[in-house]
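Have a look at my_file27.cif below; it lists mmCIF, N, CA, C and O atoms.
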```
data_query
loop_
_atom_site.label_atom_id
_atom_site.label_comp_id
_atom_site.auth_asym_id
_atom_site.auth_seq_id
_atom_site.Cartn_x
_atom_site.Cartn_y
_atom_site.Cartn_z
N ASN A 1 0.84 -1.17 0.00
CA ASN A 1 0.00 0.00 0.00
C ASN A 1 0.89 1.24 0.00
O ASN A 1 1.78 1.38 0.83
N GLY A 2 0.66 2.16 -0.91
CA GLY A 2 1.47 3.36 -1.07
C GLY A 2 1.46 4.26 0.15
O GLY A 2 2.47 4.87 0.51
N ARG A 3 0.30 4.37 0.79
CA ARG A 3 0.21 5.24 1.97
C ARG A 3 1.08 4.70 3.11
O ARG A 3 1.74 5.46 3.80
N VAL A 4 1.09 3.40 3.30
CA VAL A 4 1.91 2.80 4.35
C VAL A 4 3.39 3.09 4.09
O VAL A 4 4.14 3.45 5.00
N VAL A 5 3.81 2.97 2.84
CA VAL A 5 5.20 3.24 2.48
C VAL A 5 5.52 4.71 2.73
O VAL A 5 6.57 5.05 3.30
N ASN A 6 4.64 5.62 2.30
CA ASN A 6 4.86 7.06 2.51
C ASN A 6 4.99 7.39 3.99
O ASN A 6 5.90 8.13 4.39
N VAL A 7 4.08 6.90 4.80
CA VAL A 7 4.12 7.18 6.24
C VAL A 7 5.40 6.59 6.84
O VAL A 7 6.07 7.25 7.63
N GLY A 8 5.74 5.39 6.46
CA GLY A 8 6.97 4.76 6.97
C GLY A 8 8.21 5.55 6.62
O GLY A 8 9.11 5.73 7.45
N THR A 9 8.27 6.06 5.40
CA THR A 9 9.41 6.88 4.98
C THR A 9 9.49 8.17 5.79
O THR A 9 10.56 8.55 6.28
N ALA A 10 8.36 8.83 5.96
CA ALA A 10 8.32 10.06 6.76
C ALA A 10 8.75 9.78 8.19
O ALA A 10 9.48 10.56 8.80
N GLN A 11 8.32 8.66 8.74
CA GLN A 11 8.69 8.30 10.11
C GLN A 11 10.20 8.07 10.24
O GLN A 11 10.82 8.52 11.20
N ARG A 12 10.78 7.37 9.28
CA ARG A 12 12.23 7.11 9.33
C ARG A 12 13.03 8.42 9.26
O ARG A 12 13.99 8.61 10.00
N ILE A 13 12.61 9.31 8.38
CA ILE A 13 13.31 10.59 8.25
C ILE A 13 13.14 11.41 9.52
O ILE A 13 14.11 12.00 10.03
N ALA A 14 11.93 11.47 10.06
CA ALA A 14 11.67 12.22 11.29
C ALA A 14 12.47 11.63 12.46
O ALA A 14 13.04 12.38 13.26
N HIS A 15 12.53 10.33 12.54
CA HIS A 15 13.29 9.68 13.61
C HIS A 15 14.77 10.02 13.49
O HIS A 15 15.43 10.34 14.50
N TYR A 16 15.31 9.96 12.29
CA TYR A 16 16.71 10.31 12.06
C TYR A 16 16.98 11.75 12.50
O TYR A 16 17.94 12.02 13.24
N LEU A 17 16.14 12.69 12.07
CA LEU A 17 16.34 14.09 12.42
C LEU A 17 16.18 14.32 13.93
O LEU A 17 16.92 15.10 14.53
N HIS A 18 15.20 13.65 14.54
CA HIS A 18 15.01 13.74 15.99
C HIS A 18 16.26 13.27 16.72
O HIS A 18 16.70 13.90 17.68
N ASN A 19 16.85 12.17 16.26
CA ASN A 19 18.06 11.65 16.89
C ASN A 19 19.24 12.59 16.72
O ASN A 19 20.20 12.55 17.50
N GLN A 20 19.19 13.45 15.70
CA GLN A 20 20.24 14.45 15.47
C GLN A 20 20.01 15.71 16.30
O GLN A 20 20.76 16.67 16.21
N GLY A 21 18.92 15.72 17.08
CA GLY A 21 18.64 16.84 17.97
C GLY A 21 17.73 17.91 17.41
O GLY A 21 17.56 18.97 18.00
N HIS A 22 17.11 17.64 16.27
CA HIS A 22 16.21 18.60 15.65
C HIS A 22 14.78 18.43 16.15
O HIS A 22 14.36 17.32 16.48
N ASP A 23 14.05 19.54 16.20
CA ASP A 23 12.60 19.48 16.42
C ASP A 23 11.98 19.21 15.06
O ASP A 23 12.28 19.92 14.10
N VAL A 24 11.13 18.21 14.98
CA VAL A 24 10.58 17.79 13.69
C VAL A 24 9.07 17.86 13.72
O VAL A 24 8.43 17.40 14.67
N ILE A 25 8.50 18.45 12.68
CA ILE A 25 7.05 18.47 12.52
C ILE A 25 6.74 17.70 11.25
O ILE A 25 7.25 18.01 10.18
N VAL A 26 5.91 16.68 11.39
CA VAL A 26 5.50 15.86 10.25
C VAL A 26 4.01 16.07 10.06
O VAL A 26 3.22 15.82 10.96
N SER A 27 3.63 16.51 8.88
CA SER A 27 2.22 16.76 8.61
C SER A 27 1.76 15.80 7.52
O SER A 27 2.12 15.95 6.36
N LEU A 28 1.00 14.80 7.95
CA LEU A 28 0.48 13.83 6.99
C LEU A 28 -0.68 13.07 7.61
O LEU A 28 -0.90 13.13 8.80
N VAL A 29 -1.39 12.39 6.77
CA VAL A 29 -2.47 11.52 7.25
C VAL A 29 -1.86 10.14 7.44
O VAL A 29 -1.35 9.54 6.50
N ALA A 30 -1.89 9.67 8.67
CA ALA A 30 -1.42 8.32 9.00
C ALA A 30 -2.64 7.54 9.45
O ALA A 30 -2.99 7.54 10.62
N PRO A 31 -3.31 6.87 8.51
CA PRO A 31 -4.62 6.28 8.82
C PRO A 31 -4.59 5.07 9.75
O PRO A 31 -5.59 4.75 10.36
N TYR A 32 -3.45 4.43 9.88
CA TYR A 32 -3.43 3.18 10.63
C TYR A 32 -2.90 3.38 12.04
O TYR A 32 -1.78 3.84 12.24
N VAL A 33 -3.70 3.01 13.01
CA VAL A 33 -3.35 3.20 14.41
C VAL A 33 -2.03 2.52 14.75
O VAL A 33 -1.20 3.10 15.46
N ASP A 34 -1.79 1.32 14.26
CA ASP A 34 -0.57 0.60 14.61
C ASP A 34 0.68 1.36 14.17
O ASP A 34 1.66 1.42 14.90
N GLN A 35 0.64 2.02 13.00
CA GLN A 35 1.79 2.81 12.56
C GLN A 35 2.02 4.00 13.49
O GLN A 35 3.15 4.30 13.85
N ARG A 36 0.94 4.66 13.86
CA ARG A 36 1.07 5.82 14.74
C ARG A 36 1.59 5.40 16.12
O ARG A 36 2.46 6.05 16.70
N GLU A 37 1.07 4.30 16.65
CA GLU A 37 1.50 3.82 17.96
C GLU A 37 2.97 3.38 17.94
O GLU A 37 3.71 3.63 18.89
N ASP A 38 3.39 2.72 16.87
CA ASP A 38 4.79 2.31 16.74
C ASP A 38 5.70 3.54 16.74
O ASP A 38 6.77 3.54 17.36
N PHE A 39 5.28 4.59 16.04
CA PHE A 39 6.09 5.79 15.96
C PHE A 39 6.14 6.51 17.31
O PHE A 39 7.19 7.00 17.72
N LYS A 40 5.01 6.53 18.03
CA LYS A 40 5.00 7.12 19.37
C LYS A 40 6.00 6.40 20.27
O LYS A 40 6.74 7.02 21.02
N ALA A 41 6.02 5.08 20.19
CA ALA A 41 6.93 4.29 21.02
C ALA A 41 8.39 4.57 20.64
O ALA A 41 9.26 4.63 21.51
N LEU A 42 8.65 4.75 19.37
CA LEU A 42 10.00 5.00 18.88
C LEU A 42 10.53 6.36 19.35
O LEU A 42 11.66 6.46 19.83
N ILE A 43 9.72 7.39 19.27
CA ILE A 43 10.14 8.75 19.62
C ILE A 43 10.07 8.97 21.13
O ILE A 43 10.88 9.69 21.71
N GLY A 44 9.10 8.36 21.79
CA GLY A 44 8.98 8.52 23.24
C GLY A 44 8.18 9.73 23.63
O GLY A 44 7.30 10.19 22.90
N GLU A 45 8.50 10.29 24.79
CA GLU A 45 7.70 11.38 25.35
C GLU A 45 7.74 12.66 24.53
O GLU A 45 6.90 13.53 24.72
N ASP A 46 8.70 12.80 23.64
CA ASP A 46 8.77 13.99 22.78
C ASP A 46 7.70 13.99 21.69
O ASP A 46 7.45 15.01 21.07
N PHE A 47 7.07 12.86 21.46
CA PHE A 47 6.08 12.72 20.38
C PHE A 47 4.77 13.39 20.79
O PHE A 47 4.24 13.12 21.86
N LYS A 48 4.24 14.23 19.93
CA LYS A 48 2.94 14.86 20.13
C LYS A 48 2.09 14.58 18.90
O LYS A 48 2.46 14.96 17.79
N GLU A 49 0.98 13.91 19.08
CA GLU A 49 0.07 13.66 17.97
C GLU A 49 -1.02 14.72 17.99
O GLU A 49 -1.63 14.99 19.02
N ILE A 50 -1.24 15.34 16.85
CA ILE A 50 -2.25 16.38 16.73
C ILE A 50 -3.30 15.91 15.74
O ILE A 50 -2.99 15.59 14.60
N TYR A 51 -4.52 15.86 16.21
CA TYR A 51 -5.64 15.42 15.38
C TYR A 51 -6.42 16.66 14.97
O TYR A 51 -7.04 17.32 15.79
N VAL A 52 -6.35 16.99 13.70
CA VAL A 52 -7.06 18.15 13.16
C VAL A 52 -8.26 17.63 12.39
O VAL A 52 -8.12 16.81 11.49
N HIS A 53 -9.44 18.11 12.76
CA HIS A 53 -10.62 17.65 12.05
C HIS A 53 -11.55 18.82 11.76
O HIS A 53 -11.49 19.87 12.38
N THR A 54 -12.41 18.60 10.79
CA THR A 54 -13.37 19.61 10.36
C THR A 54 -14.55 18.92 9.71
O THR A 54 -14.44 17.79 9.25
N THR A 55 -15.66 19.61 9.68
CA THR A 55 -16.82 19.08 8.96
C THR A 55 -16.97 19.77 7.61
O THR A 55 -17.84 19.41 6.83
N GLU A 56 -16.11 20.74 7.33
CA GLU A 56 -16.17 21.45 6.06
C GLU A 56 -15.61 20.59 4.94
O GLU A 56 -14.79 19.70 5.17
N ALA A 57 -16.02 20.88 3.72
CA ALA A 57 -15.58 20.08 2.57
C ALA A 57 -14.07 20.11 2.39
O ALA A 57 -13.43 19.08 2.28
N ARG A 58 -13.46 21.28 2.35
CA ARG A 58 -12.00 21.45 2.26
C ARG A 58 -11.29 20.42 1.42
O ARG A 58 -10.44 19.67 1.90
N GLU A 59 -11.63 20.35 0.17
CA GLU A 59 -10.93 19.48 -0.79
C GLU A 59 -11.11 17.99 -0.52
O GLU A 59 -10.30 17.18 -0.93
N ARG A 60 -12.16 17.62 0.16
CA ARG A 60 -12.35 16.20 0.46
C ARG A 60 -12.54 15.36 -0.81
O ARG A 60 -12.36 14.16 -0.78
N ASP A 61 -12.93 15.99 -1.91
CA ASP A 61 -13.07 15.23 -3.15
C ASP A 61 -11.75 14.59 -3.56
O ASP A 61 -11.72 13.57 -4.21
N HIS A 62 -10.64 15.21 -3.15
CA HIS A 62 -9.31 14.72 -3.54
C HIS A 62 -8.64 13.91 -2.44
O HIS A 62 -7.51 13.51 -2.57
N PHE A 63 -9.35 13.71 -1.34
CA PHE A 63 -8.75 13.07 -0.18
C PHE A 63 -9.42 11.72 0.07
O PHE A 63 -10.62 11.64 0.22
N ARG A 64 -8.63 10.68 0.14
CA ARG A 64 -9.17 9.35 0.37
C ARG A 64 -8.37 8.66 1.49
O ARG A 64 -7.21 8.32 1.32
N ALA A 65 -8.98 8.55 2.64
CA ALA A 65 -8.36 7.82 3.75
C ALA A 65 -9.47 7.03 4.43
O ALA A 65 -9.78 7.21 5.59
N ILE A 66 -10.06 6.15 3.69
CA ILE A 66 -11.21 5.38 4.17
C ILE A 66 -10.86 4.59 5.42
O ILE A 66 -11.68 4.44 6.32
N ALA A 67 -9.64 4.10 5.52
CA ALA A 67 -9.25 3.26 6.64
C ALA A 67 -8.84 4.06 7.88
O ALA A 67 -8.46 3.48 8.88
N TYR A 68 -8.89 5.39 7.83
CA TYR A 68 -8.40 6.21 8.93
C TYR A 68 -9.19 5.97 10.21
O TYR A 68 -10.42 5.96 10.21
N VAL A 69 -8.48 5.77 11.29
CA VAL A 69 -9.07 5.62 12.61
C VAL A 69 -8.54 6.76 13.47
O VAL A 69 -7.33 6.86 13.69
N PRO A 70 -9.42 7.66 13.96
CA PRO A 70 -8.95 8.77 14.79
C PRO A 70 -8.27 8.26 16.07
O PRO A 70 -8.56 7.16 16.54
N PRO A 71 -7.38 9.06 16.64
CA PRO A 71 -6.71 8.64 17.87
C PRO A 71 -7.69 8.52 19.03
O PRO A 71 -8.72 9.18 19.05
N VAL A 72 -7.34 7.67 19.99
CA VAL A 72 -8.21 7.41 21.13
C VAL A 72 -7.74 8.18 22.37
O VAL A 72 -8.54 8.70 23.12
N ASP A 73 -6.43 8.25 22.58
CA ASP A 73 -5.92 8.96 23.75
C ASP A 73 -4.56 9.56 23.45
O ASP A 73 -3.94 9.28 22.42
N ASN A 74 -4.10 10.43 24.35
CA ASN A 74 -2.79 11.06 24.25
C ASN A 74 -2.57 11.81 22.93
O ASN A 74 -1.59 11.60 22.24
N TYR A 75 -3.49 12.70 22.62
CA TYR A 75 -3.34 13.50 21.42
C TYR A 75 -3.90 14.90 21.68
O TYR A 75 -4.64 15.12 22.63
N ILE A 76 -3.51 15.82 20.82
CA ILE A 76 -4.01 17.19 20.87
C ILE A 76 -5.10 17.29 19.82
O ILE A 76 -4.89 16.96 18.66
N ASP A 77 -6.28 17.75 20.22
CA ASP A 77 -7.43 17.81 19.31
C ASP A 77 -7.66 19.26 18.87
O ASP A 77 -7.84 20.13 19.70
N LEU A 78 -7.60 19.50 17.57
CA LEU A 78 -7.93 20.81 17.03
C LEU A 78 -9.15 20.66 16.14
O LEU A 78 -9.11 19.97 15.13
N ASP A 79 -10.23 21.29 16.53
CA ASP A 79 -11.47 21.22 15.77
C ASP A 79 -11.61 22.52 14.97
O ASP A 79 -11.97 23.56 15.52
N THR A 80 -11.33 22.45 13.69
CA THR A 80 -11.36 23.66 12.87
C THR A 80 -12.77 24.03 12.42
O THR A 80 -12.94 24.97 11.66
N THR A 81 -13.77 23.29 12.90
CA THR A 81 -15.15 23.66 12.55
C THR A 81 -15.62 24.83 13.40
O THR A 81 -16.56 25.52 13.02
N VAL A 82 -14.99 25.05 14.55
CA VAL A 82 -15.41 26.13 15.43
C VAL A 82 -14.40 27.26 15.51
O VAL A 82 -14.73 28.37 15.93
N ASP A 83 -13.15 27.00 15.13
CA ASP A 83 -12.10 28.01 15.20
C ASP A 83 -11.58 28.35 13.81
O ASP A 83 -11.55 27.49 12.92
N THR A 84 -11.13 29.57 13.66
CA THR A 84 -10.47 29.96 12.41
C THR A 84 -9.09 29.30 12.39
O THR A 84 -8.60 28.85 13.43
N PRO A 85 -8.44 29.25 11.23
CA PRO A 85 -7.07 28.71 11.20
C PRO A 85 -6.13 29.44 12.17
O PRO A 85 -5.32 28.82 12.83
N GLU A 86 -6.29 30.75 12.27
CA GLU A 86 -5.44 31.52 13.18
C GLU A 86 -5.69 31.14 14.64
O GLU A 86 -4.75 31.00 15.43
N GLU A 87 -6.97 30.97 15.00
CA GLU A 87 -7.30 30.57 16.37
C GLU A 87 -6.77 29.17 16.67
O GLU A 87 -6.25 28.91 17.76
N SER A 88 -6.88 28.28 15.70
CA SER A 88 -6.37 26.91 15.88
C SER A 88 -4.86 26.94 16.08
O SER A 88 -4.32 26.24 16.94
N PHE A 89 -4.17 27.75 15.29
CA PHE A 89 -2.71 27.85 15.40
C PHE A 89 -2.31 28.42 16.76
O PHE A 89 -1.37 27.94 17.40
N THR A 90 -3.03 29.42 17.22
CA THR A 90 -2.76 30.02 18.53
C THR A 90 -2.96 28.98 19.63
O THR A 90 -2.13 28.87 20.55
N LYS A 91 -4.04 28.20 19.55
CA LYS A 91 -4.28 27.13 20.53
C LYS A 91 -3.12 26.13 20.52
O LYS A 91 -2.64 25.72 21.57
N LEU A 92 -2.69 25.75 19.34
CA LEU A 92 -1.62 24.77 19.20
C LEU A 92 -0.33 25.32 19.81
O LEU A 92 0.36 24.60 20.55
N LYS A 93 0.00 26.54 19.52
CA LYS A 93 1.23 27.14 20.08
C LYS A 93 1.15 27.19 21.60
O LYS A 93 2.14 26.93 22.28
N THR A 94 -0.02 27.50 22.14
CA THR A 94 -0.19 27.55 23.59
C THR A 94 -0.01 26.16 24.21
O THR A 94 0.70 26.00 25.19
N ILE A 95 -0.62 25.17 23.61
CA ILE A 95 -0.53 23.79 24.12
C ILE A 95 0.91 23.29 24.08
O ILE A 95 1.38 22.64 25.00
N LEU A 96 1.64 23.62 23.01
CA LEU A 96 3.00 23.14 22.84
C LEU A 96 4.05 24.07 23.48
O LEU A 96 5.25 23.82 23.38
N ASN A 97 3.57 25.16 24.10
CA ASN A 97 4.47 26.14 24.74
C ASN A 97 5.47 26.72 23.76
O ASN A 97 6.66 26.81 24.04
N LEU A 98 4.98 27.12 22.60
CA LEU A 98 5.87 27.72 21.59
C LEU A 98 5.80 29.22 21.63
O LEU A 98 4.82 29.82 21.85
#
```
Write out the structure in this file as structure tokens.
Amino acid sequence: NGRVVNVGTAQRIAHYLHNQGHDVIVSLVAPYVDQREDFKALIGEDFKEIYVHTTEARERDHFRAIAYVPPVDNYIDLDTTVDTPEESFTKLKTILNL
């Protein structure tokens, strides 16, 4: 599956950069819980999962992640249906102490 390969590649690169002492932000859809959990275990307490969701269309015609399972625990939830992008970003910066 192409998505599994893409996510795995992004994880390997992020892990390498993290080990080099860099702060890494990876923005992608990782639909499979097991991949996300494996990556959390690999990175450890520095890992922050951010779940961004919306009910707006926002290009959904071009987006296919039928197998996606939202996170159950230990994640930051940003609901863009009630906040503007700027408000969401401000919330995220506050949560991450940036």
Seminar exercise, completed: One residue among A:Glu86, A:Asn97, A:Glu49, A:Val4 is nearest to Asp73 in chain A when using only N, CA, C and O atoms, and that residue is A:Glu49
For this session: Could you list the residues chosen by the PyMOL selection byres (((chain A and resi 7 and name CA) around 12) and name CA) in this structure as number ranges by chain?
Result: A: 1-6, 8-14, 26-36, 38-39
For this session: For the structure provided, state which residues fall under the PyMOL selection byres (((chain A and resi 23 and name CA) around 12) and name CA), and present them as a PyMOL selection string.
Result: chain A and resi 14-22+24-26+43+46-48+98
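Across A:Ile95, A:Tyr51, A:Lys40, A:Glu45, the tightest approach to Tyr75 in chain A is made by A:Tyr51 when counting only C-alpha atoms.
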For this session: Starting from the displayed file, determine the output of the PyMOL selection byres (((chain A and resi 87-91 and name CA) around 12) and name CA) and express the residue list as number ranges by chain.
Result: A: 50-54, 76-86, 92-98
Exercise. Do you have the atom C of Val69 in chain A-atom N of Glu37 in chain A distance handy?
Worked result: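 Atom-to-atom, atom C of Val69 in chain A to atom N of Glu37 in chain A, that is 10.4 Å.
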Problem set entry | Residue list (strand (DSSP E), DSSP) for chain A, as a list of chain:residue names |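 Those in chain A that DSSP calls strand (DSSP E) are A:Ile50, A:Tyr51, A:Val52, A:His53, A:Ile76, A:Asp77, A:Leu78, A:Asp79.
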DSSP alpha helix (DSSP H) residues within chain A, listed as a short mmCIF file (atom, residue, chain, number, x, y, z; two decimals) with N, CA, C and O atoms, in the coordinates of the input:
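Output contents, as saved in result19.cif:
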```cif
data_model
loop_
_atom_site.label_atom_id
_atom_site.label_comp_id
_atom_site.auth_asym_id
_atom_site.auth_seq_id
_atom_site.Cartn_x
_atom_site.Cartn_y
_atom_site.Cartn_z
N GLY A 2 0.66 2.16 -0.91
CA GLY A 2 1.47 3.36 -1.07
C GLY A 2 1.46 4.26 0.15
O GLY A 2 2.47 4.87 0.51
N ARG A 3 0.30 4.37 0.79
CA ARG A 3 0.21 5.24 1.97
C ARG A 3 1.08 4.70 3.11
O ARG A 3 1.74 5.46 3.80
N VAL A 4 1.09 3.40 3.30
CA VAL A 4 1.91 2.80 4.35
C VAL A 4 3.39 3.09 4.09
O VAL A 4 4.14 3.45 5.00
N VAL A 5 3.81 2.97 2.84
CA VAL A 5 5.20 3.24 2.48
C VAL A 5 5.52 4.71 2.73
O VAL A 5 6.57 5.05 3.30
N ASN A 6 4.64 5.62 2.30
CA ASN A 6 4.86 7.06 2.51
C ASN A 6 4.99 7.39 3.99
O ASN A 6 5.90 8.13 4.39
N VAL A 7 4.08 6.90 4.80
CA VAL A 7 4.12 7.18 6.24
C VAL A 7 5.40 6.59 6.84
O VAL A 7 6.07 7.25 7.63
N GLY A 8 5.74 5.39 6.46
CA GLY A 8 6.97 4.76 6.97
C GLY A 8 8.21 5.55 6.62
O GLY A 8 9.11 5.73 7.45
N THR A 9 8.27 6.06 5.40
CA THR A 9 9.41 6.88 4.98
C THR A 9 9.49 8.17 5.79
O THR A 9 10.56 8.55 6.28
N ALA A 10 8.36 8.83 5.96
CA ALA A 10 8.32 10.06 6.76
C ALA A 10 8.75 9.78 8.19
O ALA A 10 9.48 10.56 8.80
N GLN A 11 8.32 8.66 8.74
CA GLN A 11 8.69 8.30 10.11
C GLN A 11 10.20 8.07 10.24
O GLN A 11 10.82 8.52 11.20
N ARG A 12 10.78 7.37 9.28
CA ARG A 12 12.23 7.11 9.33
C ARG A 12 13.03 8.42 9.26
O ARG A 12 13.99 8.61 10.00
N ILE A 13 12.61 9.31 8.38
CA ILE A 13 13.31 10.59 8.25
C ILE A 13 13.14 11.41 9.52
O ILE A 13 14.11 12.00 10.03
N ALA A 14 11.93 11.47 10.06
CA ALA A 14 11.67 12.22 11.29
C ALA A 14 12.47 11.63 12.46
O ALA A 14 13.04 12.38 13.26
N HIS A 15 12.53 10.33 12.54
CA HIS A 15 13.29 9.68 13.61
C HIS A 15 14.77 10.02 13.49
O HIS A 15 15.43 10.34 14.50
N TYR A 16 15.31 9.96 12.29
CA TYR A 16 16.71 10.31 12.06
C TYR A 16 16.98 11.75 12.50
O TYR A 16 17.94 12.02 13.24
N LEU A 17 16.14 12.69 12.07
CA LEU A 17 16.34 14.09 12.42
C LEU A 17 16.18 14.32 13.93
O LEU A 17 16.92 15.10 14.53
N HIS A 18 15.20 13.65 14.54
CA HIS A 18 15.01 13.74 15.99
C HIS A 18 16.26 13.27 16.72
O HIS A 18 16.70 13.90 17.68
N ASN A 19 16.85 12.17 16.26
CA ASN A 19 18.06 11.65 16.89
C ASN A 19 19.24 12.59 16.72
O ASN A 19 20.20 12.55 17.50
N VAL A 33 -3.70 3.01 13.01
CA VAL A 33 -3.35 3.20 14.41
C VAL A 33 -2.03 2.52 14.75
O VAL A 33 -1.20 3.10 15.46
N ASP A 34 -1.79 1.32 14.26
CA ASP A 34 -0.57 0.60 14.61
C ASP A 34 0.68 1.36 14.17
O ASP A 34 1.66 1.42 14.90
N GLN A 35 0.64 2.02 13.00
CA GLN A 35 1.79 2.81 12.56
C GLN A 35 2.02 4.00 13.49
O GLN A 35 3.15 4.30 13.85
N ARG A 36 0.94 4.66 13.86
CA ARG A 36 1.07 5.82 14.74
C ARG A 36 1.59 5.40 16.12
O ARG A 36 2.46 6.05 16.70
N GLU A 37 1.07 4.30 16.65
CA GLU A 37 1.50 3.82 17.96
C GLU A 37 2.97 3.38 17.94
O GLU A 37 3.71 3.63 18.89
N ASP A 38 3.39 2.72 16.87
CA ASP A 38 4.79 2.31 16.74
C ASP A 38 5.70 3.54 16.74
O ASP A 38 6.77 3.54 17.36
N PHE A 39 5.28 4.59 16.04
CA PHE A 39 6.09 5.79 15.96
C PHE A 39 6.14 6.51 17.31
O PHE A 39 7.19 7.00 17.72
N LYS A 40 5.01 6.53 18.03
CA LYS A 40 5.00 7.12 19.37
C LYS A 40 6.00 6.40 20.27
O LYS A 40 6.74 7.02 21.02
N ALA A 41 6.02 5.08 20.19
CA ALA A 41 6.93 4.29 21.02
C ALA A 41 8.39 4.57 20.64
O ALA A 41 9.26 4.63 21.51
N LEU A 42 8.65 4.75 19.37
CA LEU A 42 10.00 5.00 18.88
C LEU A 42 10.53 6.36 19.35
O LEU A 42 11.66 6.46 19.83
N ILE A 43 9.72 7.39 19.27
CA ILE A 43 10.14 8.75 19.62
C ILE A 43 10.07 8.97 21.13
O ILE A 43 10.88 9.69 21.71
N PRO A 85 -8.44 29.25 11.23
CA PRO A 85 -7.07 28.71 11.20
C PRO A 85 -6.13 29.44 12.17
O PRO A 85 -5.32 28.82 12.83
N GLU A 86 -6.29 30.75 12.27
CA GLU A 86 -5.44 31.52 13.18
C GLU A 86 -5.69 31.14 14.64
O GLU A 86 -4.75 31.00 15.43
N GLU A 87 -6.97 30.97 15.00
CA GLU A 87 -7.30 30.57 16.37
C GLU A 87 -6.77 29.17 16.67
O GLU A 87 -6.25 28.91 17.76
N SER A 88 -6.88 28.28 15.70
CA SER A 88 -6.37 26.91 15.88
C SER A 88 -4.86 26.94 16.08
O SER A 88 -4.32 26.24 16.94
N PHE A 89 -4.17 27.75 15.29
CA PHE A 89 -2.71 27.85 15.40
C PHE A 89 -2.31 28.42 16.76
O PHE A 89 -1.37 27.94 17.40
N THR A 90 -3.03 29.42 17.22
CA THR A 90 -2.76 30.02 18.53
C THR A 90 -2.96 28.98 19.63
O THR A 90 -2.13 28.87 20.55
N LYS A 91 -4.04 28.20 19.55
CA LYS A 91 -4.28 27.13 20.53
C LYS A 91 -3.12 26.13 20.52
O LYS A 91 -2.64 25.72 21.57
N LEU A 92 -2.69 25.75 19.34
CA LEU A 92 -1.62 24.77 19.20
C LEU A 92 -0.33 25.32 19.81
O LEU A 92 0.36 24.60 20.55
N LYS A 93 0.00 26.54 19.52
CA LYS A 93 1.23 27.14 20.08
C LYS A 93 1.15 27.19 21.60
O LYS A 93 2.14 26.93 22.28
N THR A 94 -0.02 27.50 22.14
CA THR A 94 -0.19 27.55 23.59
C THR A 94 -0.01 26.16 24.21
O THR A 94 0.70 26.00 25.19
N ILE A 95 -0.62 25.17 23.61
CA ILE A 95 -0.53 23.79 24.12
C ILE A 95 0.91 23.29 24.08
O ILE A 95 1.38 22.64 25.00
#
```
Exercise. How many Å lie between atom N of Pro71 in chain A and atom N of Ala41 in chain A, rounded to one decimal?
Worked result: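 Distance reported for this atom pair: 14.4 Å.
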Problem set entry | Atom pair atom N of Gly44 in chain A / atom O of Pro70 in chain A: separation (Å) |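 So the two atoms, atom N of Gly44 in chain A and atom O of Pro70 in chain A, lie 18.5 Å apart.
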